[in-house]
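Below is one structure; the comments refer to it alone.
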Amino acid sequence: MDRTLGFYIVQFLTGLADASALFLVACGLSLIFGVSRIVNLAHGSFYMVGAYVAYYLIGFFSEGGCAFWAGIVLAAVVVGLIGVGIEVLLLRRLYGAPELFMLFATFGVVLIMQDLSRWLFGAEDLLGPRAPGLAGSVNIRGTLLPQYDLALILIAPLILGVLWLLLNRTRWGILVRAATEDREMSDALGVNQTRLFTSVFFLGSFLAGLGGAIQLPKGGANLLMDLNTIAEAFVVVVVGGMGSIPGAYLAAVIIGELGSFGVLVFPESTLVLMFLVMAVVLVIRPHGLLGQAGAGAHVAFRAAEAVLQPASKKLKLLGLACLVLILVMPVLVGTFQLVLLTEIALFALASMSLYFMMGPGGMVSFGHAAFFGGGAYAAALLVHYLQTPMELAVLLAPLLVGLLALIIGWFCVRLSGVYMAMLTLAFAQICWSIVFQWGEVTGGDDGLLSIWPSQWASDKIVFYYLTMILSIGGILVLRYFIFTPFGYTMRACRDSALRVDSIGINLARHQCLAFAVAGVFAGLAGGLYVFSKGSVFPDEMAIPRSFDFLFMVLLGGVETLFGPIAGAAAFTWLHDQISRTDFWQLILGCIFVLLVVAFPQGIVGSINVRWGRFFANQNH
Amino acid sequence: MLQVEDLNTFYGKAQILFDMRLAVKRGEIVVLLGRNGAGKTTTFKSIMGIVRPQSGKIMFKGRPIQTLPPYKTCALGLGYVPEDRRIFSGLSILENLEVGKQPPRAGLEPWTPARLFELFPNLGERPHQRGGTLSGGEQQMLTIARTLMGNPEMIILDEPSEGLAPVIVAQLARTILRLKQEGVSILLAEQNLNFANYVGDRVYIVYHGSICYESAIAELSAEAYEKYCALQIGGG
Ligand SMILES: Nc1ncnc2c1ncn2[C@@H]1O[C@H](COP(=O)(O)OP(=O)(O)OP(=O)(O)O)[C@@H](O)[C@H]1O
Ligand SMILES: [Mg+2]
């Protein structure tokens, strides 16, 4: 391609146009978070649904300039109302529950909306209609720019201005800003918070829907939009600064431009560049370009957690009984169950490593699949390209992932609470997109096949024992870490970051190390997993997988040894039951939502209350 | 105006208030004295509905309010000024006042920013200054002014004189008496005995979450004050 000045100008304008939709989603996310402290993971889904609904509305109205814009605005209103419905029916019940549970509920909504969209709109990618009157192109020094891009470029600053006026010049805006700072106080001053939340949720969802709708002529509609968008929106919010709407615009422009120019430099994955920019921004300004220190950062996750204690005698006996059971299992059950048990063991190890970060470390990761899938891909690539034997691959995979975790951790530990979680999700999505997009190396969507264990371990029973030894060993090592000085320091860091800092412990270094340790063991689980399956697909790195692990940890509970194991077992069994049905994501999503609504104080808490005493040390 | 009966409030499993009771008559200024941690703030938060009491009855203007959320209590005409002020630091003075604004109430001249700036001239000088950049005294003025914007018939003030210079405290006392003249009933928590003596009509002493002494302010016995309020070193 001929790269004239015109080409670069057009490339720049394209980036600006791409930024518009992203800005709308991100500022909606930011607004909702500011007031309700909910990180709405379903925001990307709202965006996707906005695109689909606009597609059908525009098609439904007949041709004409009016129909197009009416369809777009109406689609945004529809999405706004969907958002209100979700807020009123679901989230309103959960205010006051631990943040992690609210998040989980919104992730349930993501799954439900994903399957509903597939059912309603079909799995085919849709090509958007052209905007009437803007179907042509303008010629900029010999390079063509679609006219519609110009419209997109104008829309974002327009919305930015309107939002600014709304927030600064209306009573509603003042109330929103007041509630963002101090909900309780504005409640005591006579402001009905519930109604305010609902209105903010409407506006936020409306903006997401509008974002999805306006990009329709440019990007169409497809089912991958939800998670891709939420990850990008998180990056925008982190880079721009939580709660800052001009910051969101600035960051969206940066990300848009990166996407636009990035293709020229690194066509396989433009997200890699996003990673670099995010990295630079976080190093220079940890609270984002225009963010203020403190906003949102101190919203830590309150994990319902009892004081950790070394295992009691009863617990140890139970453990022993389980061990014996595991040992004799191959005699009792068939190959199919054995494979399932192998899988459970690996998931248990992976979720234990997540627990290690979350419980004692106090760091919630939405991106643990990056480590698990990273391990799987590392092993698979080693085998595929270097014919590495299984033994070596299983050894190298955890080390490589540990390194990856160290790098990701190095950035993430600069943030805390929700911010950090968002960042882990963004990193995981970047890792996923590399694997997904870089087809020549990773096989892309087709995955890597024929990754089988060495001869001696190829028997299912042998592999079962191998897995059991390594995962139980891994789990015990992780557990051991929790009760070493390192583990105690981690818990101290979690409970009082400031104090720990002031007595001269390097908080970031400890947290970073915890990332690496978790990464190593998740990588080990992933490395083994690929040999048990014989293949690996990008799904292992995708965000839903991360939430599977979170789910296992939450399902299992806080008891260090058995929690993640029980969670993994329950989840794998559940998954096995429903994955044969057509709309299993829908079912899983509903289960997530119902569990959270049924146990708003945490599944963990409820179980702990009932059974905790039984397993506690008697002398306590 | 306000009656509180047999209020029991918990934080988690810890009981903080034990059968707390008190009453404020219309137009009266009632002072709550008590040591740090006695439960004054908790009493106020229970009345407002910020913390939900486990049992007990709170009547405001003859209506039970113990189950109402804070915004509804406020709408009935009960204003709250918290001890830590809680100014919206990113909002200007005028915007802070706007948050507190409620519809006018029959029989009371409605408060407007202009009227409040007469009462608190310091605030009127820079109405667009951000709340976070105000001095401590100015913030105290602003938090009272903000609550007044709700046109309350009664206000609850939690340690208004805390951390203020004597001149400002004197000014504050005059403001409170001025509000009383306007017909606003006042319930306030204080550590500063002089201040309490100057503005108060009646006094309660809170001790370990319940009322242990009650009298007209002029009759407050030095003995009771010594026993329940004064700092005791080593004793406990
Ligand atoms: N959120 C909370 N959780 C648990 N305990 C609390 C909480 N808030 C207050 N307490 C406890 O309740 C008791 C009463 O506190 P309260 O703030 O009502 O006292 P106070 O009389 O207002 O004291 P001060 O004069 O210091 O303001 C104290 O022992 C305090 O430690
Ligand atoms: Mg107090």
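Going through the structure tokens in order, the chains are called A, B, and so on, while each chain numbers its residues from 1 and the ligands are numbered from 1 in the order shown.
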
message: Which residues are near ligand 2 - at most 7 Å, using only C-alpha atoms and all ligand atoms? Format: as an MDAnalysis selection string.
response: chainID B and resid 36:37 39:41 83 158

Residues from the last selection, N, CA, C and O atoms, saved as a PDB file, in the first residue's frame:
ATOM      1  N   ASN B  36     -15.881   9.558  74.991  1.00  0.00           N
ATOM      2  CA  ASN B  36     -15.627   8.952  73.687  1.00  0.00           C
ATOM      3  C   ASN B  36     -16.082   7.500  73.726  1.00  0.00           C
ATOM      4  O   ASN B  36     -15.812   6.784  74.682  1.00  0.00           O
ATOM      5  N   GLY B  37     -16.793   7.120  72.702  1.00  0.00           N
ATOM      6  CA  GLY B  37     -17.214   5.718  72.617  1.00  0.00           C
ATOM      7  C   GLY B  37     -18.429   5.394  73.451  1.00  0.00           C
ATOM      8  O   GLY B  37     -18.811   4.228  73.569  1.00  0.00           O
ATOM      9  N   GLY B  39     -21.499   6.150  72.785  1.00  0.00           N
ATOM     10  CA  GLY B  39     -22.605   5.740  71.926  1.00  0.00           C
ATOM     11  C   GLY B  39     -23.446   6.896  71.419  1.00  0.00           C
ATOM     12  O   GLY B  39     -24.565   6.693  70.965  1.00  0.00           O
ATOM     13  N   LYS B  40     -22.905   8.121  71.459  1.00  0.00           N
ATOM     14  CA  LYS B  40     -23.678   9.281  71.004  1.00  0.00           C
ATOM     15  C   LYS B  40     -23.915   9.213  69.493  1.00  0.00           C
ATOM     16  O   LYS B  40     -25.052   9.327  69.019  1.00  0.00           O
ATOM     17  N   THR B  41     -22.823   9.013  68.782  1.00  0.00           N
ATOM     18  CA  THR B  41     -22.951   8.951  67.323  1.00  0.00           C
ATOM     19  C   THR B  41     -23.855   7.799  66.913  1.00  0.00           C
ATOM     20  O   THR B  41     -24.687   7.934  66.007  1.00  0.00           O
ATOM     21  N   GLU B  83     -20.580  14.014  62.612  1.00  0.00           N
ATOM     22  CA  GLU B  83     -19.441  14.545  63.363  1.00  0.00           C
ATOM     23  C   GLU B  83     -18.229  14.793  62.472  1.00  0.00           C
ATOM     24  O   GLU B  83     -17.455  15.691  62.706  1.00  0.00           O
ATOM     25  N   ASP B 158     -23.786  16.492  65.532  1.00  0.00           N
ATOM     26  CA  ASP B 158     -22.860  15.609  66.239  1.00  0.00           C
ATOM     27  C   ASP B 158     -21.538  16.340  66.476  1.00  0.00           C
ATOM     28  O   ASP B 158     -20.782  16.574  65.537  1.00  0.00           O
TER      29      ASP B 158
END

message: From a backbone DSSP assignment, name each residue in range 158-196 of chain B labelled alpha helix (DSSP H), as a PyMOL selection string.
response: chain B and resi 166-181+193-196

- prompt: Can you tell me which residues sit at most 9 Å away from ligand 1, counting only C-alpha atoms and all ligand atoms, written as number ranges by chain?
  reply: B: 10-17, 33-45, 51, 83, 158-159, 189-191, 206-209

task: Would you kindly return, as a VMD selection string, each protein, DNA or RNA residue with an atom no farther than 12 Å from any atom of Leu193 in chain B, considering only C-alpha atoms and excluding same-chain residues fewer than 5 positions away?
output: chain B and resid 31 to 35 159 161 to 162 198 to 200 203 205 217 to 218 220 222 225 to 226 229 to 230

- request: Determine, counting only C-alpha atoms, which protein, DNA and RNA residues have an atom within 10 Å of an atom of range 455-463 of chain A; residues of the same chain fewer than 6 positions away are not included. Present the result as number ranges by chain.
  value: A: 329-331, 334-336, 338-339, 342, 389-391, 469, 528, 531-532

Okay, now the selection with all heavy atoms, as a compact mmCIF listing (two decimals), in the first residue's frame?
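Final output, again-v4.txt:
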# COMPACT_ATOMS: atom_id res chain seq x y z
N MET A 329 -9.70 -45.36 43.70
CA MET A 329 -10.71 -44.96 42.72
C MET A 329 -10.66 -45.75 41.41
O MET A 329 -11.69 -46.20 40.91
CB MET A 329 -10.55 -43.46 42.43
CG MET A 329 -11.82 -42.70 42.25
SD MET A 329 -13.19 -43.29 43.23
CE MET A 329 -14.01 -41.82 43.63
N PRO A 330 -9.48 -45.96 40.81
CA PRO A 330 -9.43 -46.66 39.52
C PRO A 330 -10.07 -48.04 39.55
O PRO A 330 -10.52 -48.54 38.53
CB PRO A 330 -7.93 -46.76 39.22
CG PRO A 330 -7.34 -45.62 39.94
CD PRO A 330 -8.15 -45.47 41.19
N VAL A 331 -10.09 -48.65 40.73
CA VAL A 331 -10.72 -49.96 40.83
C VAL A 331 -12.25 -49.82 40.83
O VAL A 331 -12.97 -50.69 40.36
CB VAL A 331 -10.28 -50.66 42.14
CG1 VAL A 331 -10.72 -52.12 42.14
CG2 VAL A 331 -8.78 -50.54 42.31
N GLY A 334 -15.14 -46.41 36.11
CA GLY A 334 -14.68 -46.62 34.74
C GLY A 334 -13.77 -45.51 34.25
O GLY A 334 -13.52 -44.53 34.95
N THR A 335 -13.32 -45.67 33.00
CA THR A 335 -12.39 -44.70 32.42
C THR A 335 -13.00 -43.31 32.35
O THR A 335 -12.35 -42.32 32.64
CB THR A 335 -12.01 -45.12 31.00
OG1 THR A 335 -11.78 -46.52 31.00
CG2 THR A 335 -10.80 -44.38 30.52
N PHE A 336 -14.27 -43.25 31.98
CA PHE A 336 -14.90 -41.95 31.81
C PHE A 336 -14.85 -41.13 33.10
O PHE A 336 -14.45 -39.97 33.11
CB PHE A 336 -16.35 -42.12 31.35
CG PHE A 336 -17.07 -40.82 31.24
CD1 PHE A 336 -16.82 -39.95 30.18
CD2 PHE A 336 -17.97 -40.42 32.21
CE1 PHE A 336 -17.46 -38.75 30.08
CE2 PHE A 336 -18.62 -39.21 32.12
CZ PHE A 336 -18.37 -38.38 31.05
N LEU A 338 -12.85 -41.60 35.50
CA LEU A 338 -11.45 -41.34 35.84
C LEU A 338 -10.95 -40.07 35.15
O LEU A 338 -10.26 -39.25 35.74
CB LEU A 338 -10.61 -42.55 35.40
CG LEU A 338 -9.55 -43.00 36.38
CD1 LEU A 338 -10.11 -43.16 37.77
CD2 LEU A 338 -8.90 -44.28 35.89
N VAL A 339 -11.35 -39.92 33.90
CA VAL A 339 -10.96 -38.72 33.16
C VAL A 339 -11.57 -37.48 33.82
O VAL A 339 -10.92 -36.45 33.98
CB VAL A 339 -11.41 -38.83 31.69
CG1 VAL A 339 -11.21 -37.51 30.96
CG2 VAL A 339 -10.62 -39.93 31.00
N THR A 342 -9.63 -36.71 36.87
CA THR A 342 -8.37 -36.06 36.51
C THR A 342 -8.59 -34.57 36.29
O THR A 342 -7.84 -33.73 36.78
CB THR A 342 -7.82 -36.69 35.21
OG1 THR A 342 -7.81 -38.09 35.35
CG2 THR A 342 -6.45 -36.18 34.90
N PRO A 389 9.54 -33.67 25.10
CA PRO A 389 8.81 -34.75 25.77
C PRO A 389 7.92 -34.19 26.87
O PRO A 389 8.17 -33.10 27.40
CB PRO A 389 9.92 -35.63 26.34
CG PRO A 389 11.12 -34.76 26.39
CD PRO A 389 10.99 -33.76 25.29
N MET A 390 6.91 -34.95 27.24
CA MET A 390 5.93 -34.49 28.20
C MET A 390 6.57 -34.03 29.51
O MET A 390 6.24 -32.97 30.04
CB MET A 390 4.93 -35.60 28.49
CG MET A 390 3.90 -35.20 29.51
SD MET A 390 2.86 -36.57 30.04
CE MET A 390 3.84 -37.30 31.31
N GLU A 391 7.52 -34.84 30.00
CA GLU A 391 8.11 -34.54 31.30
C GLU A 391 8.70 -33.14 31.32
O GLU A 391 8.47 -32.35 32.24
CB GLU A 391 9.20 -35.56 31.66
CG GLU A 391 8.73 -36.99 31.78
CD GLU A 391 8.54 -37.67 30.42
OE1 GLU A 391 8.95 -37.09 29.40
OE2 GLU A 391 7.96 -38.77 30.38
N ILE A 469 -0.91 -37.09 41.97
CA ILE A 469 0.30 -36.80 42.74
C ILE A 469 0.69 -35.33 42.57
O ILE A 469 0.93 -34.62 43.55
CB ILE A 469 1.46 -37.71 42.28
CG1 ILE A 469 1.16 -39.15 42.69
CG2 ILE A 469 2.79 -37.24 42.87
CD1 ILE A 469 2.09 -40.16 42.07
N LEU A 528 -0.55 -29.88 32.55
CA LEU A 528 -1.04 -31.26 32.65
C LEU A 528 -2.36 -31.43 31.91
O LEU A 528 -2.62 -32.45 31.28
CB LEU A 528 -1.23 -31.64 34.13
CG LEU A 528 0.04 -32.02 34.87
CD1 LEU A 528 -0.21 -32.04 36.36
CD2 LEU A 528 0.54 -33.37 34.39
N PHE A 531 -2.25 -32.35 28.29
CA PHE A 531 -1.92 -33.75 28.01
C PHE A 531 -3.10 -34.67 28.31
O PHE A 531 -3.25 -35.72 27.69
CB PHE A 531 -0.70 -34.19 28.80
CG PHE A 531 0.57 -33.59 28.27
CD1 PHE A 531 1.20 -32.56 28.93
CD2 PHE A 531 1.11 -34.05 27.07
CE1 PHE A 531 2.34 -32.00 28.43
CE2 PHE A 531 2.26 -33.48 26.57
CZ PHE A 531 2.89 -32.46 27.24
N SER A 532 -3.91 -34.28 29.26
CA SER A 532 -5.06 -35.13 29.56
C SER A 532 -6.11 -35.03 28.46
O SER A 532 -6.83 -35.97 28.19
CB SER A 532 -5.66 -34.76 30.92
OG SER A 532 -6.49 -33.63 30.78

- request: Using only C-alpha atoms, determine which residues of chain A fall within 9 Å of chain B; present them as a VMD selection string.
  value: chain A and resid 171 174 to 175 177 to 179 181 to 182 184 to 193

How would the residues just picked look written out with all heavy atoms as a tab-separated table (two decimals), in the first residue's frame?
chain	number	residue	atom	x	y	z
A	171	ARG	N	-29.34	19.52	38.55
A	171	ARG	CA	-29.42	19.01	39.91
A	171	ARG	C	-29.11	17.50	39.92
A	171	ARG	O	-28.40	17.01	40.78
A	171	ARG	CB	-30.83	19.25	40.49
A	171	ARG	CG	-31.01	18.62	41.86
A	171	ARG	CD	-32.31	19.04	42.53
A	171	ARG	NE	-32.63	18.16	43.64
A	171	ARG	CZ	-32.14	18.29	44.88
A	171	ARG	NH1	-31.30	19.28	45.16
A	171	ARG	NH2	-32.46	17.45	45.83
A	174	ILE	N	-25.48	16.93	39.93
A	174	ILE	CA	-24.86	17.23	41.23
A	174	ILE	C	-25.12	16.09	42.20
A	174	ILE	O	-24.23	15.66	42.94
A	174	ILE	CB	-25.41	18.57	41.77
A	174	ILE	CG1	-24.91	19.71	40.89
A	174	ILE	CG2	-24.98	18.79	43.22
A	174	ILE	CD1	-25.53	21.05	41.21
A	175	LEU	N	-26.35	15.56	42.16
A	175	LEU	CA	-26.67	14.45	43.05
A	175	LEU	C	-25.84	13.22	42.71
A	175	LEU	O	-25.39	12.49	43.60
A	175	LEU	CB	-28.17	14.11	42.97
A	175	LEU	CG	-29.11	15.19	43.49
A	175	LEU	CD1	-30.55	14.72	43.43
A	175	LEU	CD2	-28.74	15.62	44.91
A	177	ARG	N	-22.86	13.21	41.39
A	177	ARG	CA	-21.48	13.43	41.85
A	177	ARG	C	-21.40	13.31	43.37
A	177	ARG	O	-20.43	12.78	43.91
A	177	ARG	CB	-20.98	14.79	41.37
A	177	ARG	CG	-20.57	14.74	39.90
A	177	ARG	CD	-20.55	16.12	39.27
A	177	ARG	NE	-19.70	17.04	39.99
A	177	ARG	CZ	-19.96	18.33	40.13
A	177	ARG	NH1	-21.05	18.85	39.60
A	177	ARG	NH2	-19.13	19.10	40.80
A	178	ALA	N	-22.44	13.81	44.05
A	178	ALA	CA	-22.43	13.70	45.51
A	178	ALA	C	-22.48	12.23	45.92
A	178	ALA	O	-21.73	11.79	46.80
A	178	ALA	CB	-23.62	14.45	46.10
A	179	ALA	N	-23.33	11.45	45.26
A	179	ALA	CA	-23.47	10.04	45.62
A	179	ALA	C	-22.18	9.28	45.32
A	179	ALA	O	-21.81	8.34	46.02
A	179	ALA	CB	-24.64	9.40	44.88
A	181	GLU	N	-19.28	10.42	45.69
A	181	GLU	CA	-18.34	10.68	46.78
A	181	GLU	C	-18.77	10.02	48.08
A	181	GLU	O	-17.96	9.45	48.80
A	181	GLU	CB	-18.21	12.19	47.03
A	181	GLU	CG	-17.18	12.83	46.16
A	181	GLU	CD	-16.91	14.25	46.60
A	181	GLU	OE1	-16.93	14.53	47.82
A	181	GLU	OE2	-16.71	15.10	45.72
A	182	ASP	N	-20.04	10.15	48.43
A	182	ASP	CA	-20.48	9.68	49.74
A	182	ASP	C	-21.98	9.37	49.69
A	182	ASP	O	-22.82	10.25	49.86
A	182	ASP	CB	-20.20	10.76	50.79
A	182	ASP	CG	-20.41	10.25	52.21
A	182	ASP	OD1	-21.12	9.24	52.38
A	182	ASP	OD2	-19.87	10.88	53.14
A	184	GLU	N	-23.85	7.48	51.69
A	184	GLU	CA	-24.57	7.51	52.95
A	184	GLU	C	-24.97	8.93	53.32
A	184	GLU	O	-26.08	9.20	53.73
A	184	GLU	CB	-23.67	6.93	54.03
A	184	GLU	CG	-24.39	6.46	55.26
A	184	GLU	CD	-23.41	5.82	56.23
A	184	GLU	OE1	-22.76	6.56	57.00
A	184	GLU	OE2	-23.27	4.60	56.19
A	185	MET	N	-24.02	9.85	53.10
A	185	MET	CA	-24.31	11.24	53.45
A	185	MET	C	-25.40	11.80	52.57
A	185	MET	O	-26.30	12.49	53.05
A	185	MET	CB	-23.02	12.07	53.32
A	185	MET	CG	-23.12	13.44	53.95
A	185	MET	SD	-23.48	13.34	55.71
A	185	MET	CE	-24.81	14.50	55.88
A	186	SER	N	-25.34	11.51	51.29
A	186	SER	CA	-26.37	12.11	50.45
A	186	SER	C	-27.71	11.47	50.72
A	186	SER	O	-28.75	12.12	50.59
A	186	SER	CB	-25.98	12.09	48.97
A	186	SER	OG	-26.07	10.83	48.43
A	187	ASP	N	-27.70	10.23	51.17
A	187	ASP	CA	-28.94	9.59	51.62
A	187	ASP	C	-29.51	10.36	52.83
A	187	ASP	O	-30.69	10.72	52.86
A	187	ASP	CB	-28.64	8.13	52.00
A	187	ASP	CG	-29.89	7.29	52.16
A	187	ASP	OD1	-30.99	7.85	52.07
A	187	ASP	OD2	-29.76	6.08	52.38
A	188	ALA	N	-28.62	10.64	53.79
A	188	ALA	CA	-29.07	11.33	55.00
A	188	ALA	C	-29.52	12.76	54.69
A	188	ALA	O	-30.22	13.38	55.48
A	188	ALA	CB	-27.96	11.34	56.04
A	189	LEU	N	-29.11	13.28	53.54
A	189	LEU	CA	-29.55	14.63	53.16
A	189	LEU	C	-30.84	14.59	52.36
A	189	LEU	O	-31.27	15.59	51.79
A	189	LEU	CB	-28.45	15.33	52.37
A	189	LEU	CG	-27.26	15.78	53.21
A	189	LEU	CD1	-26.11	16.21	52.31
A	189	LEU	CD2	-27.66	16.92	54.13
A	190	GLY	N	-31.44	13.42	52.27
A	190	GLY	CA	-32.76	13.36	51.67
A	190	GLY	C	-32.79	12.91	50.22
A	190	GLY	O	-33.81	13.06	49.55
A	191	VAL	N	-31.66	12.38	49.71
A	191	VAL	CA	-31.66	11.95	48.32
A	191	VAL	C	-31.94	10.45	48.25
A	191	VAL	O	-31.22	9.66	48.83
A	191	VAL	CB	-30.30	12.25	47.66
A	191	VAL	CG1	-30.33	11.85	46.19
A	191	VAL	CG2	-29.96	13.72	47.80
A	192	ASN	N	-32.97	10.10	47.53
A	192	ASN	CA	-33.35	8.70	47.38
A	192	ASN	C	-32.31	7.99	46.51
A	192	ASN	O	-32.29	8.15	45.29
A	192	ASN	CB	-34.74	8.62	46.74
A	192	ASN	CG	-35.21	7.20	46.59
A	192	ASN	OD1	-34.43	6.26	46.69
A	192	ASN	ND2	-36.50	7.03	46.37
A	193	GLN	N	-31.48	7.21	47.16
A	193	GLN	CA	-30.36	6.59	46.45
A	193	GLN	C	-30.84	5.53	45.46
A	193	GLN	O	-30.28	5.38	44.39
A	193	GLN	CB	-29.38	5.97	47.44
A	193	GLN	CG	-28.72	6.99	48.34
A	193	GLN	CD	-27.84	7.95	47.59
A	193	GLN	OE1	-26.83	7.56	47.01
A	193	GLN	NE2	-28.22	9.20	47.56

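When the distance limit is 8 Å and only C-alpha atoms are what count, the residues near Ile58 in chain A, minus those fewer than 5 positions from it on the same chain, are Ala67, Phe68, Ala70, Gly71, Ile72 and Pro129 of chain A.
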
Next, dump the selected residues to file, keeping only N, CA and C atoms, as a PDB file, in the first residue's frame.
ATOM      1  N   ALA A  67     -35.140   6.707   9.571  1.00  0.00           N
ATOM      2  CA  ALA A  67     -35.242   5.369  10.145  1.00  0.00           C
ATOM      3  C   ALA A  67     -33.923   4.941  10.769  1.00  0.00           C
ATOM      4  N   PHE A  68     -32.830   5.244  10.098  1.00  0.00           N
ATOM      5  CA  PHE A  68     -31.534   4.820  10.586  1.00  0.00           C
ATOM      6  C   PHE A  68     -31.245   5.406  11.964  1.00  0.00           C
ATOM      7  N   ALA A  70     -33.292   6.939  13.997  1.00  0.00           N
ATOM      8  CA  ALA A  70     -34.324   6.566  14.969  1.00  0.00           C
ATOM      9  C   ALA A  70     -34.035   5.174  15.507  1.00  0.00           C
ATOM     10  N   GLY A  71     -33.640   4.273  14.610  1.00  0.00           N
ATOM     11  CA  GLY A  71     -33.318   2.908  15.024  1.00  0.00           C
ATOM     12  C   GLY A  71     -32.189   2.888  16.028  1.00  0.00           C
ATOM     13  N   ILE A  72     -31.181   3.721  15.788  1.00  0.00           N
ATOM     14  CA  ILE A  72     -30.030   3.740  16.688  1.00  0.00           C
ATOM     15  C   ILE A  72     -30.418   4.256  18.066  1.00  0.00           C
ATOM     16  N   PRO A 129     -25.999  -2.114   8.356  1.00  0.00           N
ATOM     17  CA  PRO A 129     -26.531  -1.321   7.250  1.00  0.00           C
ATOM     18  C   PRO A 129     -25.722  -0.036   7.097  1.00  0.00           C
TER      19      PRO A 129
END

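Put simply, CA of Gly523 in chain A is 4.3 Å away from CA of Pro398 in chain A.
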
- request: Could you give me, as a ChimeraX atom specification, the residues within 8 Å of range 419-425 of chain A, counting only C-alpha atoms and dropping anything in the same chain fewer than 4 positions from it?
  value: /A:231,234-235,238,296-297,363-368,408,412-415,429,543

Saved selection, atoms kept: N, CA, C and O atoms, as a tab-separated table (two decimals), in the first residue's frame:
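Here's the written file again-v3.tsv:
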chain	number	residue	atom	x	y	z
A	231	ALA	N	-13.36	-5.88	28.04
A	231	ALA	CA	-11.92	-5.82	28.32
A	231	ALA	C	-11.35	-4.48	27.86
A	231	ALA	O	-10.60	-3.83	28.58
A	234	PHE	N	-12.41	-1.75	30.16
A	234	PHE	CA	-11.63	-1.74	31.39
A	234	PHE	C	-10.29	-1.04	31.17
A	234	PHE	O	-9.85	-0.25	31.99
A	235	VAL	N	-9.68	-1.36	30.05
A	235	VAL	CA	-8.40	-0.70	29.76
A	235	VAL	C	-8.60	0.81	29.68
A	235	VAL	O	-7.83	1.59	30.25
A	238	VAL	N	-9.06	2.21	33.16
A	238	VAL	CA	-7.83	2.21	33.93
A	238	VAL	C	-6.85	3.26	33.40
A	238	VAL	O	-6.23	3.99	34.17
A	296	GLY	N	-12.11	4.81	43.87
A	296	GLY	CA	-12.32	3.42	43.47
A	296	GLY	C	-11.22	2.49	43.93
A	296	GLY	O	-11.44	1.31	44.08
A	297	ALA	N	-10.06	3.04	44.17
A	297	ALA	CA	-8.95	2.15	44.51
A	297	ALA	C	-9.17	1.51	45.87
A	297	ALA	O	-8.77	0.39	46.10
A	363	MET	N	-5.93	-10.43	46.69
A	363	MET	CA	-5.92	-9.86	45.34
A	363	MET	C	-6.86	-10.68	44.46
A	363	MET	O	-6.60	-11.85	44.19
A	364	VAL	N	-7.92	-10.06	44.02
A	364	VAL	CA	-8.87	-10.80	43.19
A	364	VAL	C	-8.43	-10.72	41.74
A	364	VAL	O	-8.13	-9.64	41.24
A	365	SER	N	-8.37	-11.87	41.12
A	365	SER	CA	-7.98	-11.88	39.71
A	365	SER	C	-9.16	-12.32	38.87
A	365	SER	O	-9.80	-13.32	39.16
A	366	PHE	N	-9.44	-11.55	37.83
A	366	PHE	CA	-10.45	-11.97	36.86
A	366	PHE	C	-9.78	-12.61	35.67
A	366	PHE	O	-10.39	-12.81	34.64
A	367	GLY	N	-8.49	-12.87	35.80
A	367	GLY	CA	-7.77	-13.33	34.62
A	367	GLY	C	-6.96	-14.57	34.86
A	367	GLY	O	-5.92	-14.77	34.23
A	368	HIS	N	-7.43	-15.40	35.76
A	368	HIS	CA	-6.61	-16.57	36.08
A	368	HIS	C	-6.48	-17.53	34.90
A	368	HIS	O	-5.53	-18.30	34.83
A	408	ILE	N	2.91	-9.75	34.54
A	408	ILE	CA	1.56	-9.20	34.72
A	408	ILE	C	1.41	-8.65	36.14
A	408	ILE	O	0.89	-7.56	36.35
A	412	CYS	N	0.08	-5.18	37.88
A	412	CYS	CA	-1.18	-5.22	38.62
A	412	CYS	C	-1.02	-4.76	40.07
A	412	CYS	O	-1.90	-4.13	40.62
A	413	VAL	N	0.12	-5.07	40.68
A	413	VAL	CA	0.25	-4.74	42.10
A	413	VAL	C	0.34	-3.24	42.32
A	413	VAL	O	0.29	-2.78	43.46
A	414	ARG	N	0.46	-2.48	41.25
A	414	ARG	CA	0.44	-1.03	41.43
A	414	ARG	C	-0.96	-0.55	41.78
A	414	ARG	O	-1.16	0.56	42.22
A	415	LEU	N	-1.93	-1.38	41.48
A	415	LEU	CA	-3.31	-1.00	41.77
A	415	LEU	C	-3.83	-1.89	42.87
A	415	LEU	O	-3.19	-2.84	43.29
A	429	GLN	N	-7.45	-10.99	28.69
A	429	GLN	CA	-8.07	-10.87	27.37
A	429	GLN	C	-7.01	-10.62	26.31
A	429	GLN	O	-7.12	-11.11	25.18
A	543	ILE	N	-12.07	-15.40	29.10
A	543	ILE	CA	-12.58	-14.86	30.36
A	543	ILE	C	-13.56	-15.81	31.06
A	543	ILE	O	-13.50	-15.94	32.28

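Interatomic distance, CA of Ile144 in chain B to CA of Leu188 in chain B: 12.2 Å.
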
task: Considering only C-alpha atoms, return as an MDAnalysis selection string whatever protein or nucleic-acid residues lie within 9 Å of range 166-170 of chain B, sequence-local ones (same chain, fewer than 5 positions apart) excluded.
output: chainID B and resid 137 160:161 175 195
